[in-house]
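Asks: Hey, dropping upload-v9.pdb in here, PDB, C-alpha atoms:
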MODEL        1
ATOM      1  CA  MET A   1      17.156 -18.406 -10.398
ATOM      2  CA  PRO A   2      14.048 -17.236  -8.461
ATOM      3  CA  PHE A   3      14.183 -13.498  -9.048
ATOM      4  CA  GLY A   4      10.475 -12.941  -8.367
ATOM      5  CA  SER A   5       7.784 -11.178 -10.335
ATOM      6  CA  ASP A   6       9.377  -7.999 -11.658
ATOM      7  CA  SER A   7       8.624  -7.764 -15.352
ATOM      8  CA  LYS A   8      11.980  -6.280 -16.326
ATOM      9  CA  GLU A   9      15.352  -7.203 -14.879
ATOM     10  CA  GLN A  10      17.124  -4.175 -13.431
ATOM     11  CA  THR A  11      20.632  -3.653 -14.795
ATOM     12  CA  PRO A  12      23.049  -0.752 -14.469
ATOM     13  CA  SER A  13      22.062   1.380 -17.445
ATOM     14  CA  ASP A  14      23.749   3.971 -19.602
ATOM     15  CA  ASN A  15      21.153   6.280 -18.084
ATOM     16  CA  ALA A  16      18.520   8.144 -20.066
ATOM     17  CA  LEU A  17      20.160  11.388 -18.967
ATOM     18  CA  GLU A  18      23.651  10.399 -20.192
ATOM     19  CA  PRO A  19      24.880  12.023 -23.456
ATOM     20  CA  ALA A  20      26.637   9.841 -26.030
ATOM     21  CA  GLY A  21      30.419   9.911 -25.942
ATOM     22  CA  HIS A  22      30.703  10.807 -22.270
ATOM     23  CA  ARG A  23      32.074   8.592 -19.530
ATOM     24  CA  LYS A  24      29.128   7.088 -17.734
ATOM     25  CA  LEU A  25      28.325   8.658 -14.411
ATOM     26  CA  LYS A  26      28.568   6.045 -11.667
ATOM     27  CA  ILE A  27      25.592   6.615  -9.362
ATOM     28  CA  GLY A  28      25.233   5.207  -5.867
ATOM     29  CA  LEU A  29      21.977   4.985  -3.922
ATOM     30  CA  ALA A  30      22.014   4.886  -0.107
ATOM     31  CA  LEU A  31      18.727   3.747   1.443
ATOM     32  CA  GLY A  32      18.381   4.644   5.112
ATOM     33  CA  ALA A  33      16.872   2.907   8.130
ATOM     34  CA  GLY A  34      13.401   3.762   9.429
ATOM     35  CA  VAL A  35      11.501   0.544  10.256
ATOM     36  CA  ALA A  36       8.017   0.636   8.623
ATOM     37  CA  ARG A  37       8.679   4.054   7.128
ATOM     38  CA  GLY A  38      11.103   2.277   4.809
ATOM     39  CA  TRP A  39       8.233   1.498   2.445
ATOM     40  CA  ALA A  40       8.785   5.098   1.262
ATOM     41  CA  HIS A  41      11.937   3.792  -0.448
ATOM     42  CA  ILE A  42       9.691   1.943  -2.902
ATOM     43  CA  GLY A  43       8.167   5.241  -4.018
ATOM     44  CA  VAL A  44      11.620   6.748  -4.511
ATOM     45  CA  LEU A  45      12.749   3.763  -6.573
ATOM     46  CA  ARG A  46       9.648   4.009  -8.744
ATOM     47  CA  GLY A  47      10.423   7.690  -9.289
ATOM     48  CA  LEU A  48      14.010   6.938 -10.290
ATOM     49  CA  ALA A  49      12.768   4.376 -12.795
ATOM     50  CA  CYS A  50      10.340   6.863 -14.334
ATOM     51  CA  ALA A  51      13.200   9.375 -14.698
ATOM     52  CA  GLY A  52      15.351   6.758 -16.439
ATOM     53  CA  ILE A  53      17.898   6.602 -13.622
ATOM     54  CA  VAL A  54      19.183   3.167 -12.592
ATOM     55  CA  PRO A  55      21.767   3.203  -9.788
ATOM     56  CA  ASP A  56      25.049   1.409 -10.399
ATOM     57  CA  VAL A  57      25.557   0.648  -6.692
ATOM     58  CA  ILE A  58      23.018   0.279  -3.875
ATOM     59  CA  ALA A  59      23.681   0.268  -0.141
ATOM     60  CA  GLY A  60      20.980  -0.215   2.464
ATOM     61  CA  THR A  61      20.613  -0.265   6.222
ATOM     62  CA  SER A  62      17.836  -2.121   8.074
ATOM     63  CA  ILE A  63      14.549  -1.665   6.140
ATOM     64  CA  GLY A  64      16.617   0.162   3.515
ATOM     65  CA  ALA A  65      18.550  -3.071   3.039
ATOM     66  CA  VAL A  66      15.317  -5.049   2.626
ATOM     67  CA  VAL A  67      13.970  -2.711  -0.068
ATOM     68  CA  GLY A  68      17.380  -2.306  -1.730
ATOM     69  CA  GLY A  69      17.921  -6.061  -1.776
ATOM     70  CA  ALA A  70      14.488  -6.609  -3.294
ATOM     71  CA  TYR A  71      15.238  -4.060  -6.015
ATOM     72  CA  ALA A  72      18.686  -5.465  -6.791
ATOM     73  CA  SER A  73      17.277  -9.002  -7.046
ATOM     74  CA  ASN A  74      14.309  -7.930  -9.194
ATOM     75  CA  ASN A  75      11.877  -8.701  -6.381
ATOM     76  CA  LEU A  76      10.561  -5.193  -5.743
ATOM     77  CA  ASP A  77       7.124  -5.954  -7.205
ATOM     78  CA  ALA A  78       6.821  -9.030  -4.987
ATOM     79  CA  LEU A  79       7.860  -7.084  -1.882
ATOM     80  CA  GLU A  80       5.397  -4.303  -2.680
ATOM     81  CA  ASP A  81       2.567  -6.797  -3.168
ATOM     82  CA  TRP A  82       3.356  -8.346   0.236
ATOM     83  CA  ALA A  83       3.504  -4.920   1.894
ATOM     84  CA  PHE A  84       0.091  -4.022   0.465
ATOM     85  CA  SER A  85      -1.312  -7.277   1.879
ATOM     86  CA  LEU A  86      -0.500  -6.279   5.474
ATOM     87  CA  LYS A  87      -3.326  -5.161   7.711
ATOM     88  CA  ASN A  88      -3.164  -3.358  11.039
ATOM     89  CA  SER A  89      -0.841  -5.394  13.310
ATOM     90  CA  SER A  90      -0.679  -8.342  10.877
ATOM     91  CA  PHE A  91       3.091  -7.887  10.604
ATOM     92  CA  PHE A  92       3.380  -9.285  14.141
ATOM     93  CA  ARG A  93       1.904 -12.570  12.968
ATOM     94  CA  PHE A  94       5.181 -13.193  11.182
ATOM     95  CA  LEU A  95       7.088 -12.997  14.463
ATOM     96  CA  ASP A  96       7.847 -15.860  16.848
ATOM     97  CA  LEU A  97       7.204 -14.870  20.441
ATOM     98  CA  LYS A  98      10.240 -15.708  22.601
ATOM     99  CA  LEU A  99      10.170 -15.683  26.374
ATOM    100  CA  SER A 100      13.881 -16.454  26.425
ATOM    101  CA  GLY A 101      16.789 -15.938  24.086
ATOM    102  CA  SER A 102      18.436 -12.878  22.517
ATOM    103  CA  GLY A 103      15.313 -10.983  21.468
ATOM    104  CA  LEU A 104      11.598 -10.651  22.143
ATOM    105  CA  PHE A 105      10.900 -12.279  18.800
ATOM    106  CA  GLY A 106      12.578 -15.195  17.076
ATOM    107  CA  SER A 107      13.329 -15.364  13.389
ATOM    108  CA  ASP A 108      11.931 -18.718  12.225
ATOM    109  CA  ARG A 109       8.836 -17.221  10.578
ATOM    110  CA  LEU A 110      10.814 -14.277   9.235
ATOM    111  CA  GLU A 111      13.431 -16.669   7.861
ATOM    112  CA  SER A 112      10.697 -18.607   6.070
ATOM    113  CA  LEU A 113       9.230 -15.347   4.741
ATOM    114  CA  MET A 114      12.609 -14.108   3.517
ATOM    115  CA  HIS A 115      13.298 -17.433   1.807
ATOM    116  CA  ASP A 116       9.897 -17.321   0.110
ATOM    117  CA  ARG A 117      10.660 -13.833  -1.203
ATOM    118  CA  PHE A 118      14.348 -14.238  -2.103
ATOM    119  CA  GLY A 119      14.838 -17.998  -2.513
ATOM    120  CA  ASP A 120      18.475 -19.043  -2.685
ATOM    121  CA  VAL A 121      19.641 -15.748  -4.219
ATOM    122  CA  THR A 122      23.126 -14.658  -3.170
ATOM    123  CA  PHE A 123      24.718 -11.218  -3.266
ATOM    124  CA  GLU A 124      26.853 -12.504  -6.137
ATOM    125  CA  ASP A 125      23.708 -13.229  -8.212
ATOM    126  CA  LEU A 126      22.411  -9.669  -8.116
ATOM    127  CA  SER A 127      22.109  -7.582 -11.252
ATOM    128  CA  ILE A 128      23.281  -4.471  -9.350
ATOM    129  CA  PRO A 129      26.095  -4.488  -6.762
ATOM    130  CA  PHE A 130      24.420  -4.297  -3.373
ATOM    131  CA  THR A 131      25.664  -4.033   0.222
ATOM    132  CA  ALA A 132      23.682  -4.449   3.446
ATOM    133  CA  VAL A 133      25.020  -2.726   6.562
ATOM    134  CA  ALA A 134      25.002  -4.448   9.957
ATOM    135  CA  CYS A 135      26.750  -4.002  13.308
ATOM    136  CA  ASP A 136      29.022  -6.492  15.090
ATOM    137  CA  LEU A 137      27.445  -6.866  18.533
ATOM    138  CA  LYS A 138      30.758  -7.786  20.191
ATOM    139  CA  THR A 139      33.043  -5.083  18.798
ATOM    140  CA  GLY A 140      30.562  -2.418  17.700
ATOM    141  CA  HIS A 141      32.234  -2.357  14.296
ATOM    142  CA  GLU A 142      30.302  -1.591  11.127
ATOM    143  CA  VAL A 143      29.987  -4.671   8.896
ATOM    144  CA  TRP A 144      29.351  -4.487   5.151
ATOM    145  CA  LEU A 145      27.648  -7.614   3.841
ATOM    146  CA  ASP A 146      28.088  -8.178   0.107
ATOM    147  CA  SER A 147      28.569 -11.933  -0.258
ATOM    148  CA  GLY A 148      26.728 -15.102   0.657
ATOM    149  CA  ALA A 149      22.978 -15.613   1.015
ATOM    150  CA  LEU A 150      21.005 -12.413   0.467
ATOM    151  CA  SER A 151      18.277 -13.350   2.962
ATOM    152  CA  ASP A 152      20.868 -13.848   5.738
ATOM    153  CA  GLY A 153      22.379 -10.432   5.108
ATOM    154  CA  LEU A 154      19.001  -8.718   5.143
ATOM    155  CA  ARG A 155      17.940 -10.372   8.386
ATOM    156  CA  ALA A 156      21.173  -9.272  10.044
ATOM    157  CA  SER A 157      20.780  -5.696   8.825
ATOM    158  CA  PHE A 158      17.297  -5.288  10.375
ATOM    159  CA  ALA A 159      17.921  -7.263  13.599
ATOM    160  CA  LEU A 160      16.721  -4.499  15.937
ATOM    161  CA  PRO A 161      18.441  -5.126  19.305
ATOM    162  CA  GLY A 162      16.137  -6.510  21.966
ATOM    163  CA  VAL A 163      13.350  -6.973  19.428
ATOM    164  CA  PHE A 164      14.812  -9.448  16.933
ATOM    165  CA  GLU A 165      17.474 -12.061  17.544
ATOM    166  CA  PRO A 166      20.980 -11.209  16.290
ATOM    167  CA  GLN A 167      22.199 -13.216  13.317
ATOM    168  CA  ASN A 168      25.408 -15.230  13.292
ATOM    169  CA  ILE A 169      27.225 -14.780   9.989
ATOM    170  CA  ARG A 170      30.728 -16.178   9.610
ATOM    171  CA  GLY A 171      31.224 -16.215  13.371
ATOM    172  CA  GLN A 172      30.021 -12.662  13.991
ATOM    173  CA  TRP A 173      26.822 -11.880  15.901
ATOM    174  CA  LEU A 174      25.254  -9.094  13.870
ATOM    175  CA  VAL A 175      22.477  -6.644  14.706
ATOM    176  CA  ASP A 176      20.734  -3.697  13.042
ATOM    177  CA  GLY A 177      23.117  -1.534  11.002
ATOM    178  CA  ALA A 178      21.224   1.597  12.095
ATOM    179  CA  LEU A 179      23.328   1.485  15.274
ATOM    180  CA  VAL A 180      26.416   2.485  13.283
ATOM    181  CA  ASN A 181      25.454   3.808   9.834
ATOM    182  CA  PRO A 182      21.748   4.652   9.381
ATOM    183  CA  VAL A 183      22.159   6.169   5.893
ATOM    184  CA  PRO A 184      25.095   4.338   4.253
ATOM    185  CA  VAL A 185      26.532   7.047   1.998
ATOM    186  CA  SER A 186      30.053   5.899   2.909
ATOM    187  CA  VAL A 187      29.464   2.487   1.317
ATOM    188  CA  CYS A 188      28.669   4.115  -2.034
ATOM    189  CA  ARG A 189      31.709   6.407  -1.757
ATOM    190  CA  ALA A 190      33.953   3.411  -1.080
ATOM    191  CA  ALA A 191      32.572   1.762  -4.235
ATOM    192  CA  GLY A 192      33.907   4.680  -6.289
ATOM    193  CA  CYS A 193      30.606   6.350  -7.099
ATOM    194  CA  ASP A 194      30.831   9.751  -8.795
ATOM    195  CA  MET A 195      27.506  10.752  -7.292
ATOM    196  CA  VAL A 196      25.544   9.518  -4.273
ATOM    197  CA  ILE A 197      21.797   9.889  -3.765
ATOM    198  CA  ALA A 198      20.677   9.333  -0.173
ATOM    199  CA  VAL A 199      17.166   8.627   1.070
ATOM    200  CA  ASN A 200      16.931   9.771   4.682
ATOM    201  CA  LEU A 201      13.753   8.811   6.560
ATOM    202  CA  ALA A 202      14.706  10.589   9.786
ATOM    203  CA  GLU A 203      14.417  14.239   8.799
ATOM    204  CA  ASP A 204      10.692  14.930   8.586
ATOM    205  CA  ILE A 205      10.692  17.998  10.830
ATOM    206  CA  TYR A 206       6.999  18.735  10.417
ATOM    207  CA  GLY A 207       5.627  15.210  10.424
ATOM    208  CA  ARG A 208       4.910  14.990  14.132
ATOM    209  CA  ALA A 209       3.064  18.326  14.077
ATOM    210  CA  ARG A 210       0.905  17.094  11.208
ATOM    211  CA  ALA A 211       0.323  13.856  13.111
ATOM    212  CA  ALA A 212      -0.858  15.676  16.219
ATOM    213  CA  LYS A 213      -3.186  17.867  14.163
ATOM    214  CA  ALA A 214      -4.674  14.784  12.518
ATOM    215  CA  GLY A 215      -5.196  13.110  15.894
ATOM    216  CA  ALA A 216      -2.665  10.326  15.223
ATOM    217  CA  LEU A 217       0.495   9.386  17.106
ATOM    218  CA  ASP A 218      -0.569  10.903  20.401
ATOM    219  CA  THR A 219       1.700  11.390  23.394
ATOM    220  CA  THR A 220       1.506   7.745  24.446
ATOM    221  CA  SER A 221       2.567   6.383  21.039
ATOM    222  CA  TYR A 222       5.912   8.193  20.846
ATOM    223  CA  GLY A 223       5.921   7.771  17.086
ATOM    224  CA  VAL A 224       5.777   3.967  17.193
ATOM    225  CA  PHE A 225       2.105   2.927  16.986
ATOM    226  CA  ASP A 226      -1.248   4.547  16.435
ATOM    227  CA  ASP A 227      -3.348   2.009  18.328
ATOM    228  CA  LEU A 228      -1.534   0.028  21.021
ATOM    229  CA  GLU A 229      -4.704  -1.485  22.474
ATOM    230  CA  THR A 230      -5.596  -3.205  19.192
ATOM    231  CA  LEU A 231      -2.135  -4.706  18.983
ATOM    232  CA  ALA A 232      -2.308  -5.996  22.527
ATOM    233  CA  ASN A 233      -5.496  -7.915  21.758
ATOM    234  CA  GLU A 234      -4.444  -9.210  18.354
ATOM    235  CA  PRO A 235      -2.367 -12.378  19.128
ATOM    236  CA  GLN A 236      -3.643 -15.823  19.978
ATOM    237  CA  ALA A 237      -5.067 -16.295  23.473
ATOM    238  CA  LYS A 238      -1.982 -18.106  24.790
ATOM    239  CA  GLU A 239       0.225 -15.177  23.762
ATOM    240  CA  ARG A 240      -2.207 -12.368  24.574
ATOM    241  CA  SER A 241      -1.186 -11.831  28.185
ATOM    242  CA  PHE A 242       2.450 -11.293  27.245
ATOM    243  CA  PHE A 243       1.573  -9.004  24.341
ATOM    244  CA  GLN A 244      -0.683  -6.940  26.575
ATOM    245  CA  LYS A 245       2.206  -6.407  28.987
ATOM    246  CA  LEU A 246       4.474  -5.572  26.057
ATOM    247  CA  PHE A 247       2.225  -3.126  24.219
ATOM    248  CA  ARG A 248      -0.115  -1.668  26.830
ATOM    249  CA  HIS A 249       0.896   1.345  28.823
ATOM    250  CA  LYS A 250      -0.018   3.403  31.822
ATOM    251  CA  LYS A 251      -1.756   6.709  31.252
ATOM    252  CA  ASP A 252       0.586   9.241  29.628
ATOM    253  CA  ALA A 253       3.512   6.789  29.684
ATOM    254  CA  PRO A 254       5.101   4.653  26.956
ATOM    255  CA  SER A 255       4.772   0.879  26.863
ATOM    256  CA  LEU A 256       7.852  -1.349  27.173
ATOM    257  CA  PHE A 257       7.980  -1.989  23.427
ATOM    258  CA  THR A 258       7.407   1.675  22.580
ATOM    259  CA  ASN A 259      10.181   2.693  24.979
ATOM    260  CA  MET A 260      12.651   0.361  23.237
ATOM    261  CA  VAL A 261      11.792   1.260  19.644
ATOM    262  CA  ALA A 262      11.425   5.018  20.219
ATOM    263  CA  SER A 263      14.755   5.166  22.077
ATOM    264  CA  LEU A 264      16.564   3.367  19.277
ATOM    265  CA  ASN A 265      14.940   5.734  16.788
ATOM    266  CA  ILE A 266      16.221   8.794  18.687
ATOM    267  CA  MET A 267      19.734   7.381  18.634
ATOM    268  CA  GLN A 268      19.456   6.618  14.927
ATOM    269  CA  ASN A 269      18.249  10.143  14.132
ATOM    270  CA  ARG A 270      21.150  11.773  15.985
ATOM    271  CA  LEU A 271      23.670   9.432  14.384
ATOM    272  CA  SER A 272      22.229  10.081  10.913
ATOM    273  CA  ARG A 273      22.827  13.807  11.297
ATOM    274  CA  SER A 274      26.387  13.269  12.462
ATOM    275  CA  ARG A 275      27.307  10.801   9.706
ATOM    276  CA  LEU A 276      25.697  12.844   6.926
ATOM    277  CA  ALA A 277      27.416  16.031   8.114
ATOM    278  CA  GLY A 278      30.781  14.297   7.886
ATOM    279  CA  ASP A 279      30.115  12.525   4.587
ATOM    280  CA  PRO A 280      27.271  14.332   2.820
ATOM    281  CA  PRO A 281      25.573  12.863  -0.257
ATOM    282  CA  ASP A 282      25.273  14.867  -3.456
ATOM    283  CA  VAL A 283      21.474  14.757  -3.280
ATOM    284  CA  THR A 284      19.291  13.917  -0.283
ATOM    285  CA  ILE A 285      15.692  12.795  -0.671
ATOM    286  CA  THR A 286      13.658  13.178   2.533
ATOM    287  CA  PRO A 287      10.169  11.659   2.442
ATOM    288  CA  ARG A 288       7.727  13.320   4.859
ATOM    289  CA  CYS A 289       6.693  10.271   6.856
ATOM    290  CA  GLY A 290       7.018  11.453  10.463
ATOM    291  CA  HIS A 291       3.235  11.247  10.835
ATOM    292  CA  ILE A 292       3.351   7.473  10.362
ATOM    293  CA  GLY A 293       4.351   5.199  13.242
ATOM    294  CA  LEU A 294       7.643   3.325  13.111
ATOM    295  CA  MET A 295       5.860  -0.046  13.342
ATOM    296  CA  GLU A 296       2.836   0.759  11.160
ATOM    297  CA  PHE A 297       3.797  -1.538   8.300
ATOM    298  CA  HIS A 298       0.217  -1.662   7.040
ATOM    299  CA  ARG A 299       0.377   1.971   5.852
ATOM    300  CA  CYS A 300       2.366   0.996   2.784
ATOM    301  CA  HIS A 301       0.207   2.905   0.295
ATOM    302  CA  GLU A 302       0.683   6.230   2.095
ATOM    303  CA  LEU A 303       4.411   5.692   2.507
ATOM    304  CA  ILE A 304       4.996   4.842  -1.148
ATOM    305  CA  GLU A 305       3.106   7.993  -2.122
ATOM    306  CA  GLU A 306       5.257  10.051   0.271
ATOM    307  CA  GLY A 307       8.399   8.533  -1.258
ATOM    308  CA  ASN A 308       7.254   9.305  -4.773
ATOM    309  CA  ARG A 309       6.282  12.853  -3.769
ATOM    310  CA  ALA A 310       9.684  13.404  -2.163
ATOM    311  CA  PHE A 311      11.400  12.184  -5.316
ATOM    312  CA  ASP A 312       9.388  14.584  -7.479
ATOM    313  CA  THR A 313      10.387  17.446  -5.173
ATOM    314  CA  ALA A 314      14.071  16.486  -5.382
ATOM    315  CA  LEU A 315      14.118  15.820  -9.144
ATOM    316  CA  PRO A 316      15.162  19.351 -10.254
ATOM    317  CA  GLN A 317      18.077  19.274  -7.800
ATOM    318  CA  LEU A 318      18.930  15.756  -8.932
ATOM    319  CA  LYS A 319      19.062  16.794 -12.589
ATOM    320  CA  ASP A 320      21.266  19.779 -11.724
ATOM    321  CA  ALA A 321      23.642  17.561  -9.744
ATOM    322  CA  ILE A 322      23.886  15.052 -12.579
ATOM    323  CA  ALA A 323      24.706  17.813 -15.071
ATOM    324  CA  ILE A 324      27.345  19.434 -12.821
ATOM    325  CA  ILE A 325      29.070  16.183 -11.831
ATOM    326  CA  ARG A 326      28.975  14.839 -15.384
ATOM    327  CA  HIS A 327      30.621  18.035 -16.621
ATOM    328  CA  ARG A 328      33.273  17.769 -13.922
ATOM    329  CA  ILE A 329      34.259  14.163 -14.699
ATOM    330  CA  ASN A 330      34.320  14.722 -18.477
ATOM    331  CA  THR A 331      36.449  17.859 -18.579
TER     332      THR A 331
ENDMDL
END
Reformat the file's structure so that it appears as structure tokens.
Replies:
Amino acid sequence: MPFGSDSKEQTPSDNALEPAGHRKLKIGLALGAGVARGWAHIGVLRGLACAGIVPDVIAGTSIGAVVGGAYASNNLDALEDWAFSLKNSSFFRFLDLKLSGSGLFGSDRLESLMHDRFGDVTFEDLSIPFTAVACDLKTGHEVWLDSGALSDGLRASFALPGVFEPQNIRGQWLVDGALVNPVPVSVCRAAGCDMVIAVNLAEDIYGRARAAKAGALDTTSYGVFDDLETLANEPQAKERSFFQKLFRHKKDAPSLFTNMVASLNIMQNRLSRSRLAGDPPDVTITPRCGHIGLMEFHRCHELIEEGNRAFDTALPQLKDAIAIIRHRINT
């Protein structure tokens, strides 16, 4: 089974923090949406590993599903290597330009990329139970994907409406799960987890201020790109005219693509707050990545560092929560 290049298979552990003779604490990990900022999840997962904490259940939405699926299939090293290989705008070379159809970009190249990374792995093959969250385009219902081909589930979970084509799985047209459940704490609760750790990429209150001070993400980027002009000139000549219309903008106004992605991000942020208020996790890890554009996939190194830093900040609270919940379930 092609599980990739990770040197050690991840399995639900007895946990380095778990005393002998106690019922094992069942830990769930909810990885939130955030487009390129989702690389911060890798830093959080590395931090968990260093602390000896292996989640028993993982749920992911959009980019959180991609990283969570890579971790659960022992492909996290391979995904990280690919992320580090990306240069400014090179992510768009993996997209098929579509002038007709259900999205601006097709999924043939992405499908090939996902198959290269995940092979024929199914949800049933995974060493850790994993669920990807998507949205039924027809009904608006939340869909939990936990069976069948892993690559199909991941592509459905990050199918950003208008940008990527929806995916048809078992007769349902599915789009990005961030439309309904950006940080899927509820999936972990439904799996019977005693404790849920959430990674929320939408709550960096100070990130935009830091970005402005550093001269990045100016008023025309709206948190999506740093350099729209470079992107517009990047594709092949036959595609360049369309990309220029898509990415370029009038003075002090967003481009078409920026308008779409930034608007969806606003909706996701508001929904995250509402869902987490109604079903709060036991511990929330909030990487400070607001200074990095939503589509700046090439800034992987910075994002992983931010994820690891956020984990270190949350670790004392995490240890306290583990101790309190363990005591509660064993008394």
Asks: Excluding same-chain residues fewer than 6 positions from Leu201 of chain A, what lies within 10 Å of it counting all atoms listed in the file, as a ChimeraX atom specification?
Replies: /A:31-35,37-38,40-41,64,182-183,269,272,285-290,307
Asks: Taking the file as shown, find all residues satisfying the PyMOL selection byres ((chain A and resi 293) around 6) and write them as a PyMOL selection string.
Replies: chain A and resi 223-225+292+294-296
Asks: Set up a box along x, y and z of the file covering all listed atoms of segment 25-35 of chain A, add 5 Å on every one of the six sides, and write the centre and edge lengths in Å to one decimal, as JSON.
Replies:
{"center_x": 20.0, "center_y": 4.6, "center_z": -2.1, "size_x": 27.1, "size_y": 18.1, "size_z": 34.7}
Asks: Can you work out the spacing between atom CA of Thr284 of chain A and atom CA of Arg46 of chain A in Å, to one decimal?
Replies: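 These atoms are spaced 16.2 Å apart.
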Asks: In Å to one decimal, how far is atom CA of Leu113 of chain A from atom CA of Gly47 of chain A?
Replies: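 Computed distance, atom CA of Gly47 of chain A to atom CA of Leu113 of chain A, equals 27.0 Å.
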Asks: Expand the PyMOL selection byres ((chain A and resi 193) around 6) into the explicit residue set it covers here, and present it as a PyMOL selection string.
Replies: chain A and resi 26-28+188-189+191-192+194-195
Asks: Pick out the residues sitting within 9 Å of Pro166 of chain A, and hand them over as a list in words; count only C-alpha atoms, and ignore anything fewer than 6 positions along from it in its own chain.
Replies: Ser102, Gly103, Leu137, Arg155, Ala156, Ala159, Leu160, Trp173, Leu174, Val175 and Asp176 of chain A
Asks: Which is closer to Cys50 of chain A than all the others in A:Ser274, A:Asp312, A:Arg170, A:Val121, using all atoms listed in the file?
Replies: A:Asp312
Asks: For Leu318 of chain A, work out the shell of residues within 8 Å, counting only C-alpha atoms and skipping chain neighbours fewer than 4 positions away, then give it as a list in words.
Replies: Val283, Ala314 and Ile322 of chain A
Asks: If you apply the PyMOL selection byres ((chain A and resi 84) around 8) to this file, what residues do you get, as a list in words?
Replies: Glu80, Asp81, Trp82, Ala83, Ser85, Leu86, His298, Cys300 and His301 of chain A
Asks: Neighbours of Gly68 of chain A within 12 Å (only C-alpha atoms; same-chain residues fewer than 2 positions away dropped), as a short mmCIF file (atom, residue, chain, number, x, y, z; two decimals) with C-alpha atoms, in the frame of the given file?
Replies:
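Dumped to out-v1.cif:
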data_model
loop_
_atom_site.label_atom_id
_atom_site.label_comp_id
_atom_site.auth_asym_id
_atom_site.auth_seq_id
_atom_site.Cartn_x
_atom_site.Cartn_y
_atom_site.Cartn_z
CA GLN A 10 17.12 -4.18 -13.43
CA GLY A 28 25.23 5.21 -5.87
CA LEU A 29 21.98 4.99 -3.92
CA ALA A 30 22.01 4.89 -0.11
CA LEU A 31 18.73 3.75 1.44
CA GLY A 32 18.38 4.64 5.11
CA ALA A 33 16.87 2.91 8.13
CA GLY A 38 11.10 2.28 4.81
CA TRP A 39 8.23 1.50 2.44
CA ALA A 40 8.78 5.10 1.26
CA HIS A 41 11.94 3.79 -0.45
CA ILE A 42 9.69 1.94 -2.90
CA VAL A 44 11.62 6.75 -4.51
CA LEU A 45 12.75 3.76 -6.57
CA PRO A 55 21.77 3.20 -9.79
CA VAL A 57 25.56 0.65 -6.69
CA ILE A 58 23.02 0.28 -3.88
CA ALA A 59 23.68 0.27 -0.14
CA GLY A 60 20.98 -0.22 2.46
CA THR A 61 20.61 -0.26 6.22
CA SER A 62 17.84 -2.12 8.07
CA ILE A 63 14.55 -1.66 6.14
CA GLY A 64 16.62 0.16 3.52
CA ALA A 65 18.55 -3.07 3.04
CA VAL A 66 15.32 -5.05 2.63
CA ALA A 70 14.49 -6.61 -3.29
CA TYR A 71 15.24 -4.06 -6.02
CA ALA A 72 18.69 -5.46 -6.79
CA SER A 73 17.28 -9.00 -7.05
CA ASN A 74 14.31 -7.93 -9.19
CA ASN A 75 11.88 -8.70 -6.38
CA LEU A 76 10.56 -5.19 -5.74
CA LEU A 79 7.86 -7.08 -1.88
CA PHE A 123 24.72 -11.22 -3.27
CA LEU A 126 22.41 -9.67 -8.12
CA SER A 127 22.11 -7.58 -11.25
CA ILE A 128 23.28 -4.47 -9.35
CA PRO A 129 26.10 -4.49 -6.76
CA PHE A 130 24.42 -4.30 -3.37
CA THR A 131 25.66 -4.03 0.22
CA ALA A 132 23.68 -4.45 3.45
CA VAL A 133 25.02 -2.73 6.56
CA LEU A 150 21.00 -12.41 0.47
CA GLY A 153 22.38 -10.43 5.11
CA LEU A 154 19.00 -8.72 5.14
CA SER A 157 20.78 -5.70 8.82
CA PRO A 184 25.10 4.34 4.25
CA VAL A 199 17.17 8.63 1.07
#
Asks: Rounded to one decimal place, report the atom CA of Gln268 of chain A-atom CA of Ala178 of chain A distance in Å.
Replies: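 Taking atom CA of Gln268 of chain A as the start and atom CA of Ala178 of chain A as the end point, the length is 6.0 Å.
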Asks: Identify which of the residues A:Leu145, A:Asn330, A:Ile304, A:Val163 lies closest to Met260 of chain A, counting all atoms listed in the file when measuring atom-to-atom distances.
Replies: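 With all atoms listed in the file as the atom set, the closest residue is A:Val163.
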